[in-house]
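Trainee: What follows is the file work26.txt, containing compact mmCIF, C-alpha atoms:
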```txt
# COMPACT_ATOMS: atom_id res chain seq x y z
CA MET A 1084 69.65 -159.49 23.77
CA SER A 1085 68.13 -162.75 25.03
CA VAL A 1086 68.73 -163.36 28.73
CA VAL A 1087 67.78 -166.44 30.73
CA ILE A 1088 68.27 -166.82 34.49
CA ARG A 1089 67.99 -170.28 36.01
CA CYS A 1090 68.05 -170.79 39.76
CA LEU A 1091 69.79 -174.15 40.03
CA SER A 1092 69.55 -173.90 43.81
CA GLY A 1093 68.38 -171.26 46.27
CA LEU A 1094 64.88 -170.35 45.08
CA GLY A 1095 61.99 -171.61 47.21
CA ASP A 1096 64.08 -172.82 50.14
CA LYS A 1097 67.07 -172.10 52.35
CA ALA A 1098 69.53 -173.88 50.06
CA PRO A 1099 73.02 -173.48 48.56
CA ALA A 1100 73.34 -170.58 46.14
CA ALA A 1101 73.78 -171.43 42.46
CA ILE A 1102 72.37 -169.19 39.72
CA LEU A 1103 72.99 -169.68 35.99
CA LEU A 1104 72.91 -166.47 33.95
CA GLN A 1105 72.77 -167.02 30.17
CA ALA A 1106 73.04 -164.15 27.69
CA ASP A 1107 73.54 -164.62 23.94
CA GLY A 1108 75.57 -167.79 24.30
CA VAL A 1109 77.52 -166.70 27.39
CA ASN A 1110 77.02 -168.83 30.52
CA LEU A 1111 77.92 -167.35 33.91
CA LEU A 1112 77.51 -169.25 37.18
CA LEU A 1113 76.76 -166.92 40.10
CA ASP A 1114 77.97 -168.59 43.28
CA ALA A 1115 78.65 -172.29 43.76
CA GLY A 1116 77.20 -173.16 47.14
CA GLY A 1117 78.07 -176.18 49.25
CA ALA A 1118 75.73 -178.15 51.49
CA LEU A 1119 74.21 -176.42 54.51
CA GLN A 1120 74.19 -179.61 56.57
CA ALA A 1121 77.30 -181.61 57.42
CA GLY A 1122 77.44 -184.82 55.41
CA GLU A 1123 74.86 -183.72 52.83
CA THR A 1124 75.50 -183.90 49.08
CA ILE A 1125 74.71 -181.08 46.67
CA HIS A 1126 72.95 -181.98 43.43
CA TRP A 1127 72.69 -178.68 41.57
CA PRO A 1128 75.94 -179.31 39.58
CA GLU A 1129 74.08 -182.13 37.81
CA GLN A 1130 71.89 -179.50 36.15
CA LEU A 1131 74.96 -178.11 34.39
CA GLU A 1132 75.59 -181.26 32.37
CA GLY A 1133 75.95 -180.26 28.73
CA THR A 1134 76.45 -176.57 29.63
CA LYS A 1135 79.82 -174.96 28.93
CA LEU A 1136 80.45 -172.38 31.62
CA ASP A 1137 82.37 -169.27 30.54
CA ALA A 1138 83.00 -168.10 34.12
CA ILE A 1139 82.13 -168.62 37.79
CA LEU A 1140 81.57 -165.55 39.97
CA ILE A 1141 81.69 -165.98 43.76
CA THR A 1142 80.13 -163.26 45.93
CA HIS A 1143 81.64 -164.24 49.29
CA ASP A 1144 83.37 -167.00 51.22
CA HIS A 1145 80.59 -168.65 53.21
CA ILE A 1146 80.13 -172.34 52.58
CA ASP A 1147 76.66 -172.06 51.02
CA HIS A 1148 78.09 -169.77 48.33
CA ILE A 1149 81.59 -171.16 47.74
CA GLY A 1150 81.57 -174.75 49.00
CA GLY A 1151 80.62 -176.31 45.64
CA VAL A 1152 83.62 -174.92 43.74
CA ALA A 1153 85.57 -178.13 44.34
CA GLN A 1154 82.99 -180.10 42.32
CA LEU A 1155 83.40 -177.95 39.21
CA ASP A 1156 86.05 -178.08 36.50
CA PHE A 1157 89.12 -176.17 37.73
CA ASN A 1158 89.75 -174.95 34.17
CA ILE A 1159 86.63 -172.74 34.22
CA PRO A 1160 87.70 -169.13 34.88
CA LEU A 1161 86.67 -168.09 38.39
CA PHE A 1162 86.27 -164.52 39.62
CA CYS A 1163 86.20 -163.36 43.24
CA THR A 1164 87.76 -160.74 45.49
CA GLU A 1165 91.24 -161.26 46.89
CA ILE A 1166 89.95 -161.99 50.38
CA VAL A 1167 87.41 -164.55 49.15
CA ALA A 1168 90.16 -166.28 47.14
CA LEU A 1169 91.77 -167.34 50.43
CA SER A 1170 88.88 -169.79 50.90
CA LEU A 1171 89.11 -171.44 47.48
CA PRO A 1172 90.28 -175.06 47.19
CA LYS A 1173 94.05 -175.38 47.21
CA GLY A 1174 95.51 -174.81 43.76
CA ARG A 1175 92.37 -173.21 42.32
CA ASP A 1176 93.26 -170.35 39.96
CA TRP A 1177 91.17 -167.19 40.14
CA HIS A 1178 90.78 -163.72 38.63
CA PRO A 1179 90.15 -160.60 40.73
CA LEU A 1180 86.78 -158.96 41.21
CA PRO A 1181 86.93 -155.39 42.56
CA LEU A 1182 85.40 -154.72 45.94
CA ARG A 1183 83.89 -151.66 44.32
CA GLY A 1184 84.00 -151.09 40.58
CA THR A 1185 83.16 -152.34 37.10
CA CYS A 1186 84.87 -154.94 34.92
CA ARG A 1187 84.00 -157.08 31.90
CA ILE A 1188 83.65 -160.83 32.17
CA ALA A 1189 83.08 -162.84 28.98
CA GLY A 1190 82.08 -159.58 27.30
CA ILE A 1191 79.46 -158.66 29.93
CA SER A 1192 79.72 -155.55 32.11
CA VAL A 1193 79.79 -156.51 35.80
CA THR A 1194 79.58 -153.94 38.60
CA THR A 1195 80.37 -154.87 42.20
CA GLY A 1196 79.82 -153.24 45.56
CA LEU A 1197 80.30 -154.12 49.22
CA ASN A 1198 77.60 -156.46 50.52
CA GLY A 1199 77.63 -155.50 54.22
CA HIS A 1200 77.57 -159.20 55.09
CA SER A 1201 81.13 -160.52 55.18
CA LEU A 1202 84.76 -159.55 54.77
CA GLY A 1203 85.56 -159.21 51.07
CA GLY A 1204 81.97 -159.98 50.06
CA VAL A 1205 80.27 -158.22 47.13
CA TRP A 1206 76.99 -158.07 45.24
CA LEU A 1207 76.85 -158.34 41.44
CA HIS A 1208 75.10 -156.09 38.93
CA PHE A 1209 75.04 -157.00 35.24
CA GLY A 1210 74.64 -154.50 32.41
CA LEU A 1211 72.00 -156.63 30.69
CA ASP A 1212 68.27 -156.15 30.01
CA GLU A 1213 67.99 -152.78 31.85
CA GLY A 1214 70.04 -154.21 34.70
CA ILE A 1215 70.14 -157.52 36.57
CA TYR A 1216 71.07 -157.40 40.25
CA TYR A 1217 72.14 -160.45 42.26
CA SER A 1218 72.60 -159.67 45.93
CA GLY A 1219 74.15 -162.91 47.14
CA ASP A 1220 73.98 -162.44 50.92
CA ILE A 1221 73.72 -158.83 52.06
CA SER A 1222 73.10 -156.82 55.22
CA LEU A 1223 72.11 -153.19 55.60
CA GLU A 1224 72.54 -153.24 59.40
CA SER A 1225 76.08 -154.48 59.89
CA LEU A 1226 78.01 -152.67 62.60
CA SER A 1227 81.27 -153.45 60.81
CA PHE A 1228 80.90 -153.94 57.04
CA ALA A 1229 79.77 -151.16 54.73
CA PHE A 1230 76.93 -151.72 52.25
CA ASP A 1231 76.98 -150.02 48.85
CA TRP A 1232 73.68 -149.20 47.17
CA PRO A 1233 73.65 -150.75 43.68
CA PRO A 1234 72.64 -149.24 40.34
CA LYS A 1235 69.03 -149.54 39.26
CA ALA A 1236 67.96 -152.92 37.88
CA LYS A 1237 64.84 -154.23 36.18
CA VAL A 1238 65.42 -157.71 37.61
CA ALA A 1239 66.45 -158.27 41.22
CA LEU A 1240 67.50 -161.59 42.75
CA LEU A 1241 67.44 -160.77 46.43
CA ASP A 1242 68.57 -162.24 49.73
CA ALA A 1243 65.27 -163.09 51.43
CA SER A 1244 66.81 -165.39 54.06
CA TYR A 1245 64.78 -163.80 56.87
CA GLY A 1246 61.48 -163.78 54.98
CA ASP A 1247 59.00 -161.41 56.68
CA TYR A 1248 61.12 -160.97 59.83
CA ASP A 1249 61.67 -157.28 60.70
CA GLN A 1250 63.29 -156.96 64.14
CA PRO A 1251 66.08 -154.33 64.25
CA GLN A 1252 69.65 -155.18 65.12
CA GLN A 1253 69.60 -153.29 68.42
CA ALA A 1254 66.88 -155.61 69.71
CA CYS A 1255 69.05 -158.57 68.74
CA ILE A 1256 72.00 -157.12 70.61
CA ASP A 1257 69.89 -156.53 73.72
CA ASP A 1258 68.60 -160.11 73.65
CA LEU A 1259 72.09 -161.57 73.26
CA MET A 1260 73.44 -159.51 76.16
CA GLU A 1261 70.65 -160.79 78.40
CA ARG A 1262 71.78 -164.36 77.68
CA MET A 1263 75.53 -163.81 78.14
CA LEU A 1264 77.51 -165.33 80.99
CA PRO A 1265 81.15 -164.56 81.80
CA GLN A 1266 81.96 -168.03 80.43
CA SER A 1267 80.25 -168.40 77.05
CA LEU A 1268 80.94 -169.72 73.57
CA LEU A 1269 79.62 -168.15 70.38
CA PRO A 1270 80.12 -170.29 67.25
CA VAL A 1271 80.61 -167.78 64.41
CA PRO A 1272 81.73 -167.39 60.80
CA PRO A 1273 85.11 -165.62 61.19
CA SER A 1274 84.67 -163.40 58.12
CA GLY A 1275 81.12 -162.46 59.06
CA ARG A 1276 79.68 -161.29 62.39
CA ALA A 1277 82.57 -162.42 64.61
CA LEU A 1278 84.46 -159.14 64.93
CA GLU A 1279 81.48 -156.82 65.38
CA MET A 1280 80.15 -159.12 68.09
CA ALA A 1281 83.54 -159.15 69.78
CA ILE A 1282 83.68 -155.35 69.84
CA GLN A 1283 80.17 -155.08 71.29
CA LEU A 1284 81.01 -157.61 74.00
CA GLU A 1285 84.27 -155.96 75.02
CA GLN A 1286 82.59 -152.56 75.18
CA ARG A 1287 80.16 -154.07 77.68
CA GLY A 1288 82.94 -155.32 79.94
CA TYR A 1289 83.30 -158.94 78.84
CA THR A 1290 86.70 -160.58 78.43
CA VAL A 1291 86.76 -161.79 74.82
CA SER A 1292 88.94 -164.49 73.27
CA LEU A 1293 89.12 -165.25 69.54
CA ASP A 1294 90.17 -168.59 68.08
CA PRO A 1295 93.12 -168.58 65.62
CA VAL A 1296 90.83 -168.47 62.57
CA CYS A 1297 89.05 -165.38 63.87
CA VAL A 1298 92.41 -163.79 64.76
CA LYS A 1299 93.52 -164.33 61.16
CA PHE A 1300 90.56 -162.35 59.88
CA LEU A 1301 91.12 -159.69 62.54
CA GLU A 1302 94.60 -159.08 61.15
CA GLN A 1303 93.24 -158.97 57.59
CA VAL A 1304 90.64 -156.40 58.54
CA LYS A 1305 93.25 -154.21 60.22
CA SER A 1306 95.28 -154.24 56.99
CA LEU A 1307 92.39 -152.97 54.86
CA SER A 1308 91.34 -149.38 54.26
CA PRO A 1309 88.80 -148.00 56.76
CA ARG A 1310 86.63 -146.95 53.78
CA TYR A 1311 85.43 -150.54 53.41
CA PHE A 1312 83.89 -150.51 56.89
CA GLN A 1313 81.31 -148.65 58.88
CA GLU A 1314 82.49 -145.34 60.30
CA GLY A 1315 84.43 -145.84 63.52
CA PHE A 1316 84.72 -149.61 63.26
CA HIS A 1317 88.36 -149.62 62.15
CA ALA A 1318 89.26 -147.31 65.03
CA ALA A 1319 87.43 -149.57 67.48
CA LEU A 1320 89.42 -152.56 66.21
CA SER A 1321 92.68 -150.75 66.88
CA GLN A 1322 91.64 -150.54 70.56
CA PHE A 1323 90.38 -154.13 70.70
CA SER A 1324 92.54 -156.40 72.86
CA PRO A 1325 91.32 -160.02 72.88
CA ARG A 1326 92.58 -162.49 75.43
CA PRO A 1327 95.03 -165.04 73.94
CA TRP A 1328 93.27 -168.22 72.85
CA MET A 1329 93.83 -171.15 75.22
CA GLU A 1330 91.47 -173.91 74.23
CA SER A 1331 92.74 -176.30 76.89
CA ASP A 1332 91.83 -173.89 79.72
CA LEU A 1333 88.21 -175.01 79.90
CA ASP A 1334 87.43 -173.03 83.06
CA ALA A 1335 88.62 -169.64 81.75
CA LEU A 1336 86.12 -166.86 82.46
CA CYS A 1337 85.87 -165.40 78.98
CA VAL A 1338 83.54 -165.20 76.02
CA ARG A 1339 85.00 -167.27 73.21
CA LEU A 1340 84.17 -166.57 69.58
CA ALA A 1341 85.19 -169.46 67.39
CA ALA A 1342 84.63 -171.18 64.06
CA ASP A 1343 82.69 -172.95 62.82
CA PRO A 1344 79.19 -171.44 63.09
CA ASP A 1345 77.44 -174.81 62.72
CA GLY A 1346 79.07 -176.17 65.88
CA CYS A 1347 80.24 -179.30 64.04
CA SER A 1348 83.88 -178.50 63.44
CA GLY A 1349 86.70 -176.14 64.28
CA ALA A 1350 87.42 -174.89 67.78
CA ALA A 1351 83.72 -174.32 68.44
CA GLY A 1352 82.90 -177.90 67.54
CA ARG A 1353 85.64 -179.26 69.77
CA LEU A 1354 84.56 -177.20 72.78
CA ILE A 1355 80.88 -178.09 72.40
CA ALA A 1356 81.78 -181.78 72.19
CA HIS A 1357 84.14 -181.63 75.18
CA PRO A 1358 82.46 -183.25 78.20
CA HIS A 1359 84.15 -180.86 80.64
CA TYR A 1360 83.43 -177.54 78.93
CA GLN A 1361 80.58 -175.95 80.91
CA GLY A 1362 80.36 -172.54 79.24
CA ARG A 1363 77.02 -171.37 77.83
CA VAL A 1364 76.85 -172.04 74.09
CA ILE A 1365 74.86 -169.46 72.12
CA TYR A 1366 74.18 -169.85 68.41
CA THR A 1367 73.29 -166.65 66.57
CA GLY A 1368 72.76 -167.62 62.93
CA TYR A 1369 71.43 -170.33 60.64
CA MET A 1370 70.63 -173.51 62.55
CA PRO A 1371 71.70 -176.75 60.84
CA GLU A 1372 70.66 -180.06 62.33
CA LYS A 1373 73.58 -180.23 64.77
CA ALA A 1374 72.85 -176.79 66.22
CA LEU A 1375 69.12 -177.49 66.45
CA ASN A 1376 69.86 -180.65 68.39
CA ASP A 1377 72.16 -178.76 70.76
CA VAL A 1378 69.38 -176.28 71.52
CA GLN A 1379 66.68 -178.94 71.87
CA THR A 1380 68.79 -180.97 74.31
CA GLY A 1381 69.68 -177.92 76.40
CA ARG A 1382 73.37 -177.89 75.40
CA ALA A 1383 72.96 -174.50 73.73
CA GLU A 1384 70.72 -171.48 73.29
CA TRP A 1385 69.84 -169.50 70.17
CA THR A 1386 69.18 -165.85 69.47
CA ARG A 1387 69.50 -164.05 66.16
CA TRP A 1388 72.18 -161.54 65.25
CA ASN A 1389 71.04 -159.89 62.04
CA VAL A 1390 73.36 -160.66 59.11
CA HIS A 1391 70.72 -160.66 56.36
CA PRO A 1392 68.23 -157.95 55.39
CA ARG A 1393 65.03 -157.43 57.34
CA PHE A 1394 61.84 -157.14 55.31
CA SER A 1395 61.89 -153.34 55.57
CA ASP A 1396 65.48 -153.31 54.28
CA SER A 1397 64.48 -155.43 51.29
CA ARG A 1398 61.53 -153.18 50.55
CA ALA A 1399 63.80 -150.12 50.57
CA LEU A 1400 66.24 -151.89 48.26
CA VAL A 1401 63.48 -152.82 45.79
CA GLU A 1402 62.33 -149.21 45.72
CA HIS A 1403 65.89 -148.03 45.13
CA LEU A 1404 66.45 -150.52 42.31
CA GLN A 1405 63.04 -149.74 40.75
CA ALA A 1406 62.84 -153.48 40.10
CA GLU A 1407 59.98 -154.84 38.02
CA ARG A 1408 60.71 -158.51 38.72
CA ILE A 1409 61.79 -159.70 42.15
CA TYR A 1410 63.07 -163.17 43.00
CA PRO A 1411 63.25 -163.86 46.78
CA LEU A 1412 66.14 -166.25 47.34
CA PHE A 1413 67.01 -168.53 50.26
CA ALA A 1414 63.52 -168.65 51.82
CA LYS A 1415 60.46 -170.88 51.72
CA PRO A 1416 57.25 -169.44 50.15
CA GLU A 1417 55.41 -169.66 53.49
CA GLN A 1418 57.97 -167.23 54.98
CA LEU A 1419 57.11 -164.57 52.37
CA GLN A 1420 53.57 -163.43 53.10
CA ARG A 1421 54.51 -159.75 53.46
CA TRP A 1422 56.63 -159.99 50.33
CA GLN A 1423 53.64 -161.30 48.41
CA GLU A 1424 51.28 -158.67 49.84
CA THR A 1425 53.71 -155.83 49.10
CA PHE A 1426 55.19 -156.72 45.72
CA LYS A 1427 52.18 -158.60 44.30
CA GLN A 1428 52.66 -159.42 40.59
CA ARG A 1429 56.31 -158.31 40.66
CA LEU A 1430 57.24 -161.19 42.97
CA CYS A 1431 58.35 -164.35 41.17
CA LEU A 1432 58.36 -167.60 43.11
CA SER A 1433 59.01 -169.94 40.17
CA ASN A 1434 62.23 -170.32 38.23
CA CYS A 1435 63.61 -167.27 36.50
CA LEU A 1436 63.29 -166.34 32.86
CA THR A 1437 63.69 -162.93 31.26
CA ASP A 1438 64.01 -161.89 27.64
```
Could you write out this file's structure as structure tokens?
Mentor:
Amino acid sequence: MSVVIRCLSGLGDKAPAAILLQADGVNLLLDAGGALQAGETIHWPEQLEGTKLDAILITHDHIDHIGGVAQLDFNIPLFCTEIVALSLPKGRDWHPLPLRGTCRIAGISVTTGLNGHSLGGVWLHFGLDEGIYYSGDISLESLSFAFDWPPKAKVALLDASYGDYDQPQQACIDDLMERMLPQSLLPVPPSGRALEMAIQLEQRGYTVSLDPVCVKFLEQVKSLSPRYFQEGFHAALSQFSPRPWMESDLDALCVRLAADPDGCSGAAGRLIAHPHYQGRVIYTGYMPEKALNDVQTGRAEWTRWNVHPRFSDSRALVEHLQAERIYPLFAKPEQLQRWQETFKQRLCLSNCLTD
């Protein structure tokens, strides 16, 4: 079987995810990422001109993996998990992907497992060419979401967002707690790190308040089986008692967790822009231009909360997969020195092609 993999976007830079998998006339689009910066335009859909897509598969609901769906033909069959479907454009039809399991899409066997990165998020494994594994975004350190180890794969397209970085999550937690004040704001992705951060904060004596979007995901998580989460997390959520959200009470002594993580929109964006909100703003993830400016001007601080794999995690995953060809996604080449030293000829930094 002839297989071609084209990285339309996401290889060689921190960029929206869009991977075209072609196998014997079948064209599958893996993720359809939107712009990382507010106001930017994505151009990867232009590379699909003349290509008839048989299906779109979305790994999770973060903007850089799902935000480009609106620019694609709504008649193309789209597959995602039930939770991810809640973030699709209004009126967009979809077909279910299992959180854990195997199905056939356009005649190709597709296996999914929990990605440890976000609520309802999965990785994708294709029964082609001795196995092709696409991680999307993953995390092996999440305190809330379980990660499933995938089947072996000859080709691995991996989340390399952190490049050579290798600091453990506990060090990140310690650093965040040193920065916390009783009145703080953490801009977060609701379906990602929000709830595990909230639990950690409450356990350390902070009064925590979640915006309505985060509360919505809290209720969804409570309705799901504990088997999709790390041991003990579901029980901790049942004891979690956030303070009711009162955005107008600017002087409330509480730690607010609110969307959106870029600080541009949602409740977080409104509070940051409010001239009378004096709480400490702490970003903990990817830094778009708005967030960078907030930090540079002293309006905010930044410290990382691990939501992508460290280098040592990626190395363990490669060994598990027994991968012969490794494509490091979502990172610049200069961030990948240890990757190059470790994986040598197996590491592919140019566009993907396999027969």
Trainee: What's the separation between CA of Thr1386 (chain A) and CA of Thr1367 (chain A), in Å to one decimal place?
Mentor: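 So the two atoms, CA of Thr1386 (chain A) and CA of Thr1367 (chain A), lie 5.1 Å apart.
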Trainee: Which one of A:Ala1189, A:Tyr1248, A:Glu1165, A:Ala1098 sits closest to Leu1111 (chain A) if you count all atoms listed in the file?
Mentor: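 Counting all atoms listed in the file, the residue closest to Leu1111 (chain A) is A:Ala1189.
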Trainee: With all atoms listed in the file counted and 10 Å as the cut-off, give the residues of region 1246-1358 of chain A in contact with region 1208-1225 of chain A, each with its shortest interatomic distance in Å and the pair that gives it, as a tab-separated table.
Mentor:
```
residue	atom	partner	partner_atom	distance
A:Pro1251	CA	A:Glu1224	CA	8.2
A:Gln1252	CA	A:Glu1224	CA	6.7
A:Gln1253	CA	A:Glu1224	CA	9.5
A:Gly1275	CA	A:Ser1225	CA	9.5
A:Arg1276	CA	A:Ser1225	CA	8.1
A:Glu1279	CA	A:Ser1225	CA	8.0
A:Phe1312	CA	A:Ser1225	CA	9.3
A:Gln1313	CA	A:Ser1225	CA	7.9
```
Trainee: Taking only C-alpha atoms into account, name the residue in A:Tyr1369, A:Trp1385, A:Tyr1360, A:Phe1413 that is nearest to Pro1099 (chain A).
Mentor: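 When distances to Pro1099 (chain A) are compared using only C-alpha atoms, the smallest one comes from A:Phe1413.
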Trainee: Between A:Pro1272, A:Ile1282, A:Ile1191, A:Leu1113, which residue has the minimum interatomic distance to Trp1206 (chain A), considering all atoms listed in the file?
Mentor: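 Under the stated criterion, the closest residue is A:Leu1113.
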Trainee: Quick one: of A:Leu1104, A:Ala1115, A:Val1086, A:Leu1091, who's nearest to Trp1127 (chain A), counting all atoms listed in the file?
Mentor: A:Leu1091
Trainee: CA of Trp1388 (chain A) and CA of Met1263 (chain A), how far apart in Å?
Mentor: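 These atoms are spaced 13.5 Å apart.
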Trainee: Could you name the residues that touch Asp1231 (chain A) at 8 Å or less, counting only C-alpha atoms, but leaving out those on the same chain fewer than 6 positions away, as a ChimeraX atom specification?
Mentor: /A:1196-1199
Trainee: Residues of the last selection are to be written out with C-alpha atoms, as a short mmCIF file (atom, residue, chain, number, x, y, z; two decimals), in the coordinates of the input.
Mentor:
```
data_model
loop_
_atom_site.label_atom_id
_atom_site.label_comp_id
_atom_site.auth_asym_id
_atom_site.auth_seq_id
_atom_site.Cartn_x
_atom_site.Cartn_y
_atom_site.Cartn_z
CA GLY A 1196 79.82 -153.24 45.56
CA LEU A 1197 80.30 -154.12 49.22
CA ASN A 1198 77.60 -156.46 50.52
CA GLY A 1199 77.63 -155.50 54.22
#
```
Trainee: If I only have part of region 1084-1095 of chain A, can you fill in N, CA and C atoms and write it as a tab-separated table (two decimals), in the frame of the given file?
Mentor:
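Dumped to selection20.tsv:
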```tsv
chain	number	residue	atom	x	y	z
A	1084	MET	N	68.85	-158.40	23.22
A	1084	MET	CA	69.65	-159.49	23.77
A	1084	MET	C	68.75	-160.45	24.55
A	1085	SER	N	68.90	-161.73	24.32
A	1085	SER	CA	68.13	-162.75	25.03
A	1085	SER	C	68.86	-163.13	26.31
A	1086	VAL	N	68.14	-163.04	27.43
A	1086	VAL	CA	68.73	-163.36	28.73
A	1086	VAL	C	67.86	-164.38	29.44
A	1087	VAL	N	68.48	-165.43	29.95
A	1087	VAL	CA	67.78	-166.44	30.73
A	1087	VAL	C	68.50	-166.59	32.07
A	1088	ILE	N	67.72	-166.61	33.15
A	1088	ILE	CA	68.27	-166.82	34.49
A	1088	ILE	C	67.64	-168.07	35.06
A	1089	ARG	N	68.47	-169.02	35.43
A	1089	ARG	CA	67.99	-170.28	36.01
A	1089	ARG	C	68.54	-170.42	37.43
A	1090	CYS	N	67.64	-170.54	38.37
A	1090	CYS	CA	68.05	-170.79	39.76
A	1090	CYS	C	68.25	-172.29	39.93
A	1091	LEU	N	69.49	-172.72	39.84
A	1091	LEU	CA	69.79	-174.15	40.03
A	1091	LEU	C	69.55	-174.57	41.47
A	1092	SER	N	69.76	-173.64	42.38
A	1092	SER	CA	69.55	-173.90	43.81
A	1092	SER	C	69.41	-172.55	44.51
A	1093	GLY	N	68.50	-172.48	45.48
A	1093	GLY	CA	68.38	-171.26	46.27
A	1093	GLY	C	67.04	-170.56	46.15
A	1094	LEU	N	66.20	-170.95	45.21
A	1094	LEU	CA	64.88	-170.35	45.08
A	1094	LEU	C	63.84	-171.30	45.66
A	1095	GLY	N	63.04	-170.80	46.61
A	1095	GLY	CA	61.99	-171.61	47.21
A	1095	GLY	C	62.39	-172.34	48.48
```
